[in-house]
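Engineer: Could you have a look at this structure, given as structure tokens, before my questions?
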Amino acid sequence: MNTLIIDTTYSSCSIAIVTADMKSNTTFNNSNSQQSETITEVLLTNLIKAKKELKEISSIIVTNGPGNFTSIRVGVSFALGIAKGICVPLYALSSLELLSIFNEKNNFFNKKLISVMPSRGNEIFVQEFNDSCLSDSEILKIKNLDLKKNFSPDKYFISFCSFQKENLNLFDYDFVEREFEDMSLNLVSKVKKKKINLTELKSINYFSEPSLEKVNSSWLMKHKK
């Protein structure tokens, strides 16, 4: 059973293939090209690295936000096309959920966990999780300066993706810096052990209006700002 994991919420294309024997092969685009121009090349490179063919993929997991509408849609539409083309199930979770998944219980530092991602300008996305990787809050979009006001460093530690370290204000917080490869392995491990029940893709978590076009409401889910 080989699982393909696709994430485009970090302004880059990140693709992992986790094989049946729990080996992860990860590929990123490190160019300045648009995600829509590079995502196919990233996938093909990953398949070669993993020594797999597309027909050997048995399931696909895609992150569905939060973040920029266009970036999310690139990943989701690409995953939808592959899933339909090779007739495999497509599952989704948010990038904040992915950040919350650890092999062991996530009660590091004896504090509660919040997953954090930068948004535009001086805003961030944040969500609280318990030890079982279940959310204890909605996805919030708040100003960076309001993070301590809402989540005290004495009570919370932060999980974030290594891609975004320079864009986050981590002063006074204990934190865990996550790599996409490790997160992918932890995700598939939890799914195999039936510690996480993924749901099929139904919605997109986006926080900014799509520009110059109208989209059907079934395409996306808009959270309150």
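Just remember, in the structure tokens the first chain shown is A, the second B, etc., residues are 1-based per chain, and ligands are 1-based in the order shown.
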Counting only C-alpha atoms, which residues in range 71-114 of chain A sit no more than 8 Å from range 175-188 of chain A? For each one, give the nearest pair of atoms and the distance in Å, sorted by chain then residue number, as CSV.
Structural biologist:
```
residue,atom,partner,partner_atom,distance
A:Leu98,CA,A:Met183,CA,6.6
A:Leu99,CA,A:Met183,CA,6.9
A:Ile101,CA,A:Leu187,CA,6.3
A:Phe102,CA,A:Asn186,CA,5.7
A:Asn103,CA,A:Asn186,CA,5.5
```
Engineer: Please compute the CA of Asn29 in chain A-CA of Gln164 in chain A distance, one decimal, in Å.
Structural biologist: 15.1 Å
Engineer: When distances are computed from only C-alpha atoms, which of A:Phe157, A:Phe163, A:Phe109, A:Tyr173 shows the smallest separation from Thr9 in chain A?
Structural biologist: A:Phe163
Engineer: Output as a ChimeraX atom specification all residues of range 88-216 of chain A that backbone DSSP marks as helix (DSSP H, G or I).
Structural biologist: /A:95-99,108-110,144-150,162-167,180-192
Engineer: Considering only C-alpha atoms, return as a PyMOL selection string whatever protein or nucleic-acid residues lie within 8 Å of Thr26 in chain A, sequence-local ones (same chain, fewer than 6 positions apart) excluded.
Structural biologist: chain A and resi 14-17+46+180-181
Engineer: So, with only C-alpha atoms as the atoms that count, which of A:Met117, A:Val126, A:Leu147, A:Ile60 lies closest to Leu90 in chain A?
Structural biologist: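 Among A:Met117, A:Val126, A:Leu147, A:Ile60, it is A:Ile60 that comes nearest to Leu90 in chain A.
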Engineer: Where does DSSP see strand (DSSP E or B) in range 31-164 of chain A, if you list the residues as a PyMOL selection string?
Structural biologist: chain A and resi 57-63+90-93+112-118+123-129+135+140-143+156-161
Engineer: Find the residues near range 129-141 of chain A: any atom within 12 Å, counting only C-alpha atoms, skip ones fewer than 6 places away on the same chain, and give them as a tab-separated table (two decimals) with C-alpha atoms, in the first residue's frame.
Structural biologist:
```tsv
chain	number	residue	atom	x	y	z
A	65	GLY	CA	-5.78	24.67	3.64
A	66	PRO	CA	-5.81	27.06	5.31
A	67	GLY	CA	-4.05	29.54	3.10
A	93	LEU	CA	-6.88	17.16	6.19
A	94	SER	CA	-5.81	20.69	6.99
A	95	SER	CA	-2.15	21.67	7.15
A	96	LEU	CA	-2.69	22.60	10.79
A	97	GLU	CA	-3.96	19.07	11.48
A	98	LEU	CA	-0.90	17.63	9.75
A	99	LEU	CA	1.32	19.70	12.04
A	100	SER	CA	-0.41	18.22	15.10
A	101	ILE	CA	0.26	14.56	14.25
A	102	PHE	CA	3.12	12.88	16.10
A	103	ASN	CA	3.95	9.21	16.58
A	104	GLU	CA	3.96	9.70	20.32
A	105	LYS	CA	1.56	11.74	22.41
A	106	ASN	CA	2.07	15.40	21.69
A	107	ASN	CA	2.15	16.63	25.29
A	108	PHE	CA	5.69	17.93	24.98
A	110	ASN	CA	3.68	19.50	29.62
A	111	LYS	CA	1.78	22.14	27.70
A	112	LYS	CA	-1.10	22.22	25.23
A	113	LEU	CA	-0.38	22.22	21.51
A	114	ILE	CA	-1.17	24.88	18.94
A	115	SER	CA	-0.31	24.50	15.26
A	116	VAL	CA	0.69	27.77	13.62
A	117	MET	CA	1.08	28.92	10.00
A	118	PRO	CA	1.80	32.42	8.68
A	119	SER	CA	-0.87	34.13	6.61
A	120	ARG	CA	-0.48	37.36	4.69
A	121	GLY	CA	1.01	40.46	6.23
A	122	ASN	CA	1.12	40.31	10.02
A	123	GLU	CA	-1.53	37.61	10.42
A	147	LEU	CA	-0.98	35.23	19.67
A	150	ASN	CA	-4.99	34.27	23.06
A	151	PHE	CA	-2.50	31.49	23.78
A	156	TYR	CA	0.97	26.37	25.02
A	157	PHE	CA	3.79	25.20	22.78
A	158	ILE	CA	3.91	25.64	19.01
A	159	SER	CA	4.20	23.16	16.15
A	186	ASN	CA	3.62	10.05	11.20
A	187	LEU	CA	0.36	10.60	9.35
A	190	LYS	CA	-1.41	6.81	12.59
A	194	LYS	CA	-6.39	3.38	13.02
A	195	LYS	CA	-5.52	6.20	15.43
A	196	ILE	CA	-6.78	8.73	12.86
A	197	ASN	CA	-9.84	8.50	10.65
A	198	LEU	CA	-9.38	10.56	7.52
A	205	ASN	CA	-10.35	25.91	4.11
A	206	TYR	CA	-9.57	29.31	2.63
A	207	PHE	CA	-9.56	32.74	4.16
A	208	SER	CA	-9.18	35.11	1.19
A	222	LYS	CA	-15.04	29.78	3.87
A	223	HIS	CA	-14.36	30.27	7.57
A	224	LYS	CA	-15.28	33.41	9.43
A	225	LYS	CA	-12.45	35.91	9.56
```
Engineer: Skipping near chain neighbours, those fewer than 5 positions away, what residues fall within 8 Å of Cys13 in chain A using only C-alpha atoms, listed as a PyMOL selection string?
Structural biologist: chain A and resi 6-8+28-29+35+38-39+42+75
